[in-house]
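Beneath this line is the structure, given in structure tokens, with notes to follow.
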Protein chains: 2
Amino acid sequence: MATGRTHRPATRSRGIPEATVARLPLYLRALTALSERSVPTVSSEELAAAAGVNSAKLRKDFSYLGSYGTRGVGYDVEYLVYQISRELGLTQDWPVVIVGIGNLGAALANYGGFASRGFRVAALIDADPAMAGKPVAGIPVQHTDDLERIIRDNGVSIGVIATPAGAAQQVCDRLVGAGVTSILNFAPTVLTVPDGVDVRKVDLSIELQILAFHEQRKAGEEAAADAGAPAAAVRKESAEQGPDGDVPAVMPA
Amino acid sequence: MATGRTHRPATRSRGIPEATVARLPLYLRALTALSERSVPTVSSEELAAAAGVNSAKLRKDFSYLGSYGTRGVGYDVEYLVYQISRELGLTQDWPVVIVGIGNLGAALANYGGFASRGFRVAALIDADPAMAGKPVAGIPVQHTDDLERIIRDNGVSIGVIATPAGAAQQVCDRLVGAGVTSILNFAPTVLTVPDGVDVRKVDLSIELQILAFHEQRKAGEEAAADAGAPAAAVRKESAEQGPDGDVPAVMPA
DNA sequence: ATGTCTTTGTGAACGCGTGCACAAAGATGG
DNA sequence: CCATCTTTGTGCACGCGTTCACAAAGACAT
């Protein structure tokens, strides 16, 4: 989860764990880089280092896909790129709509990472009539009124929501009603969807808050260490005067 | 994790599980909404529904913070907002720098969610000299040359990287060298950082690929169901003729 | 006070994910 | 053909996170 995210019940598709699926794109990216450098084979150790994971974990992940490696040699880069791409469903083209063309929506439309890997921005949709027809990233923005038609005409099954929080659920409902079954949500709201619809959430604010938590912890430990008091003592003190000192003894600035 | 996200070893700070920390911002948002509607108390059941989680999970999460509820009544909204805010370190101000003011960086600078909760955009930094001095979201962009000075002058400990992939590691190194200990990375690269530095990753491409995987699975199951073949049969067949029913004959030499 | 009713806080069981450590498999060289 | 060396694939154990289910705690009415 970064990225924080609203996880689906994890239906364990063909026996491939959700955690593994989440890492496949990582491996794919590293493999693609190797492929561009014309590297023929790679060991689990090397590839794991490139992807920033443990080599045992990588081997186990690949074992869910099948036995694609050669003992004593490693993995064939090209073959593995193909297998992972196919597994992730990237051998086909996925038309995507982006709803909500504000700052973020426009940035997403311009993002190169979409087109690179099987994803194609089929349409941009916004509720503001003034936006209609205006091209963003070379694609004319269309009005929300036509949302259902656009979805159906383009056979879209993946939708990206970049609207303000207040509009997100309504947009979500319309997307789902029109046939969308996967949603990437950038709006800071919990979306309610029927069974069978996948939602993934990207929330900048939440990510920052998680970082702030660790940052505060680091500052606290550092302060405690500076004062010559071991972390255990801090823990003990806070336990004594309540779950957490209402008047925090040590509070950075 | 972002969700998608590069998880830290989960140091289990003061005994608060990483998974719980990741949900606290979710609770906080729901509680803030209740607070604005002047709702005095809320039960775990109600709050859990608002946050989109299981009520037992919510209660266990809160139990790590302390016993802040009243049996038979529920939780005091205002009190809980304060406690969670303090726990997350949001009672203080966190200056943040954004490096890489392209489409995404500009969108982030304009994002309102930052300022709302203790985060303040202290500076925008870009490597393009042409950008220098140009205001984005009311803040003048500064050149990368001054990165270290900016970090130190503003006491920044949280950095956001929105540069192209190629520049990310270098920017990261400089940020860390200047004293940044938490990084939110939007560039599609694995960042290598020394111990003690937290990195969270937000990767749009990866999120989409995960959705595509589930989407493909759904399409496959549907097709199998339409053909009157139970899922078990599909699984069996694929086990016989290779990892997946595609034309498995294709084998890169 | 006492009883009833609601809701919290948590003990315990379970399942998933991770990492270790090693046997099996294959390449390579003599 | 045999020995050796490298690297995969995985059995196993461990720890974290989730969920259930219930006792304890407190509010509230009588």
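Lettering and numbering for the structure tokens are positional, with chains as A, B, ... in the shown order, residues counted from 1 in each chain, and ligands counted from 1 in the shown order.
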
Looking only at strand (DSSP E or B) from DSSP on the backbone, list the matching residues of range 9-253 of chain A as a compact mmCIF listing (two decimals) with C-alpha atoms, in the first residue's frame.
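Wrote part-v6.txt, looks like this:
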```txt
# COMPACT_ATOMS: atom_id res chain seq x y z
CA THR A 41 19.87 -12.60 -18.55
CA VAL A 42 19.71 -11.47 -14.96
CA GLY A 69 14.34 -19.20 -14.58
CA THR A 70 17.32 -21.39 -15.33
CA GLY A 74 19.20 -16.66 -13.98
CA TYR A 75 16.21 -15.31 -15.86
CA ASP A 76 15.90 -14.48 -19.55
CA TRP A 94 -6.62 -0.19 -21.91
CA PRO A 95 -8.62 2.91 -22.73
CA VAL A 96 -8.81 5.19 -19.70
CA VAL A 97 -10.92 8.24 -18.95
CA ILE A 98 -9.87 11.00 -16.60
CA VAL A 99 -12.68 12.84 -14.87
CA PHE A 119 -2.77 2.64 -21.25
CA ARG A 120 -4.37 5.16 -23.54
CA VAL A 121 -6.20 8.28 -22.47
CA ALA A 122 -9.45 7.82 -24.34
CA ALA A 123 -11.15 10.95 -23.03
CA LEU A 124 -10.96 13.85 -20.60
CA ILE A 125 -14.16 14.81 -18.82
CA ASP A 126 -14.98 17.87 -16.75
CA PRO A 135 -7.64 20.77 -25.59
CA VAL A 136 -5.51 19.45 -22.73
CA ILE A 139 -7.17 15.91 -26.18
CA PRO A 140 -10.34 18.01 -26.18
CA VAL A 141 -12.15 18.09 -22.84
CA GLN A 142 -15.71 16.81 -22.94
CA HIS A 143 -18.59 17.67 -20.67
CA ILE A 158 -10.81 1.94 -16.09
CA GLY A 159 -11.63 5.40 -14.79
CA VAL A 160 -9.48 7.98 -13.03
CA ILE A 161 -11.19 10.41 -10.66
CA SER A 182 -11.78 -0.29 -11.99
CA ILE A 183 -11.25 3.14 -10.47
CA LEU A 184 -8.15 5.06 -9.53
CA ASN A 185 -9.25 7.70 -7.04
CA ASP A 198 -11.88 -2.36 -7.78
CA VAL A 199 -10.84 0.93 -6.26
CA ARG A 200 -7.33 2.10 -5.62
CA LYS A 201 -6.69 5.33 -3.82
```

Distance query DC5 in chain C at most 12 Å, only C-alpha atoms (C1' of nucleotides), self and fewer than 6 positions along chain excluded, as a list in words: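 After dropping sequence-adjacent residues, the list is Arg71, Gly72 and Val73 of chain B; DG26, DA27, DC28 and DA29 of chain D.
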
Pick from B:Glu45, B:Tyr27, B:Gly52, B:Gly138, whichever lies nearest to DT7 in chain C using only C-alpha atoms (C1' of nucleotides):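 Looking at the shortest contact to DT7 in chain C, the residue is B:Glu45.
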
Check: which chain D residues lie within 12 Å of chain A using only C-alpha atoms (C1' of nucleotides), as a list in words: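 That gives the following set of residues: DC5, DT6, DT7, DT8, DG9, DT10, DG11 and DT18 of chain D.
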
Since we have the selection now, will you write its residues out, keeping C-alpha atoms (C1' of nucleotides), as a PDB file, in the first residue's frame?
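Now in part-v1.pdb:
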```pdb
ATOM      1  C1'  DC D   5      29.980 -24.377  -8.991  1.00  0.00           C
ATOM      2  C1'  DT D   6      26.134 -21.269  -9.495  1.00  0.00           C
ATOM      3  C1'  DT D   7      21.462 -20.056  -8.950  1.00  0.00           C
ATOM      4  C1'  DT D   8      16.779 -21.298  -8.760  1.00  0.00           C
ATOM      5  C1'  DG D   9      12.593 -22.893  -6.399  1.00  0.00           C
ATOM      6  C1'  DT D  10      10.511 -23.887  -2.040  1.00  0.00           C
ATOM      7  C1'  DG D  11       9.567 -26.041   2.724  1.00  0.00           C
ATOM      8  C1'  DT D  18      -7.225  -8.912  10.765  1.00  0.00           C
TER       9       DT D  18
END
```

For DA13 in chain C: contacts at 12 Å, only C-alpha atoms (C1' of nucleotides), fewer than 3 positions along chain excluded, given as a PyMOL selection string: chain D and resi 18-21

Atoms to include: C-alpha atoms (C1' of nucleotides). Write the selected residues as a PDB file, in the first residue's frame.
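This went into part-v6.pdb:
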```
ATOM      1  C1'  DT D  18      -7.225  -8.912  10.765  1.00  0.00           C
ATOM      2  C1'  DT D  19     -11.337 -10.597  12.603  1.00  0.00           C
ATOM      3  C1'  DC D  20     -14.313 -12.757  15.909  1.00  0.00           C
ATOM      4  C1'  DA D  21     -16.484 -12.853  19.998  1.00  0.00           C
TER       5       DA D  21
END
```

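With chain B fixed and chain A moved onto it by least squares, the Cα RMSD over every paired residue reaches 2.7 Å.
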
Could the residues of chain C within 8 Å of chain B, counting only C-alpha atoms (C1' of nucleotides), be given as a list of chain:residue names, please?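 Residues of chain C within 8 Å of chain B, counting only C-alpha atoms (C1' of nucleotides): C:DT6, C:DT7, C:DT8, C:DG9, C:DT10.
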
Write a file of the just-selected residues containing N, CA and C atoms (P, O5', C5', C4', C3', O3' and C1' of nucleotides), as a short mmCIF file (atom, residue, chain, number, x, y, z; two decimals), in the first residue's frame.
```
data_model
loop_
_atom_site.label_atom_id
_atom_site.label_comp_id
_atom_site.auth_asym_id
_atom_site.auth_seq_id
_atom_site.Cartn_x
_atom_site.Cartn_y
_atom_site.Cartn_z
P DT C 6 -29.89 -1.61 23.48
"O5'" DT C 6 -28.58 -0.74 23.19
"C5'" DT C 6 -28.50 0.61 23.64
"C4'" DT C 6 -27.06 1.00 23.83
"C3'" DT C 6 -26.15 0.68 22.64
"O3'" DT C 6 -25.50 1.87 22.24
"C1'" DT C 6 -25.17 -0.06 24.66
P DT C 7 -24.81 2.01 20.83
"O5'" DT C 7 -23.27 1.84 21.21
"C5'" DT C 7 -22.71 2.72 22.17
"C4'" DT C 7 -21.37 2.18 22.60
"C3'" DT C 7 -20.48 1.67 21.45
"O3'" DT C 7 -19.24 2.32 21.53
"C1'" DT C 7 -20.52 0.13 23.22
P DT C 8 -18.05 2.05 20.50
"O5'" DT C 8 -16.85 1.85 21.50
"C5'" DT C 8 -16.72 2.74 22.60
"C4'" DT C 8 -15.99 2.06 23.73
"C3'" DT C 8 -14.54 1.69 23.41
"O3'" DT C 8 -13.70 2.12 24.46
"C1'" DT C 8 -15.74 -0.22 24.16
P DG C 9 -12.14 2.35 24.18
"O5'" DG C 9 -11.52 0.94 24.58
"C5'" DG C 9 -11.55 0.57 25.94
"C4'" DG C 9 -11.06 -0.86 26.10
"C3'" DG C 9 -9.74 -1.18 25.42
"O3'" DG C 9 -8.99 -2.00 26.31
"C1'" DG C 9 -11.37 -2.69 24.67
P DT C 10 -7.50 -2.37 26.05
"O5'" DT C 10 -7.56 -3.94 25.80
"C5'" DT C 10 -8.35 -4.75 26.65
"C4'" DT C 10 -8.41 -6.17 26.11
"C3'" DT C 10 -7.16 -6.65 25.36
"O3'" DT C 10 -6.99 -8.02 25.64
"C1'" DT C 10 -8.99 -6.96 24.00
#
```

Just to confirm, what's the straight-line distance from CA of Glu46 in chain A to CA of Leu34 in chain A in Å (one decimal)?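 Straight-line distance from CA of Glu46 in chain A to CA of Leu34 in chain A works out to 10.6 Å.
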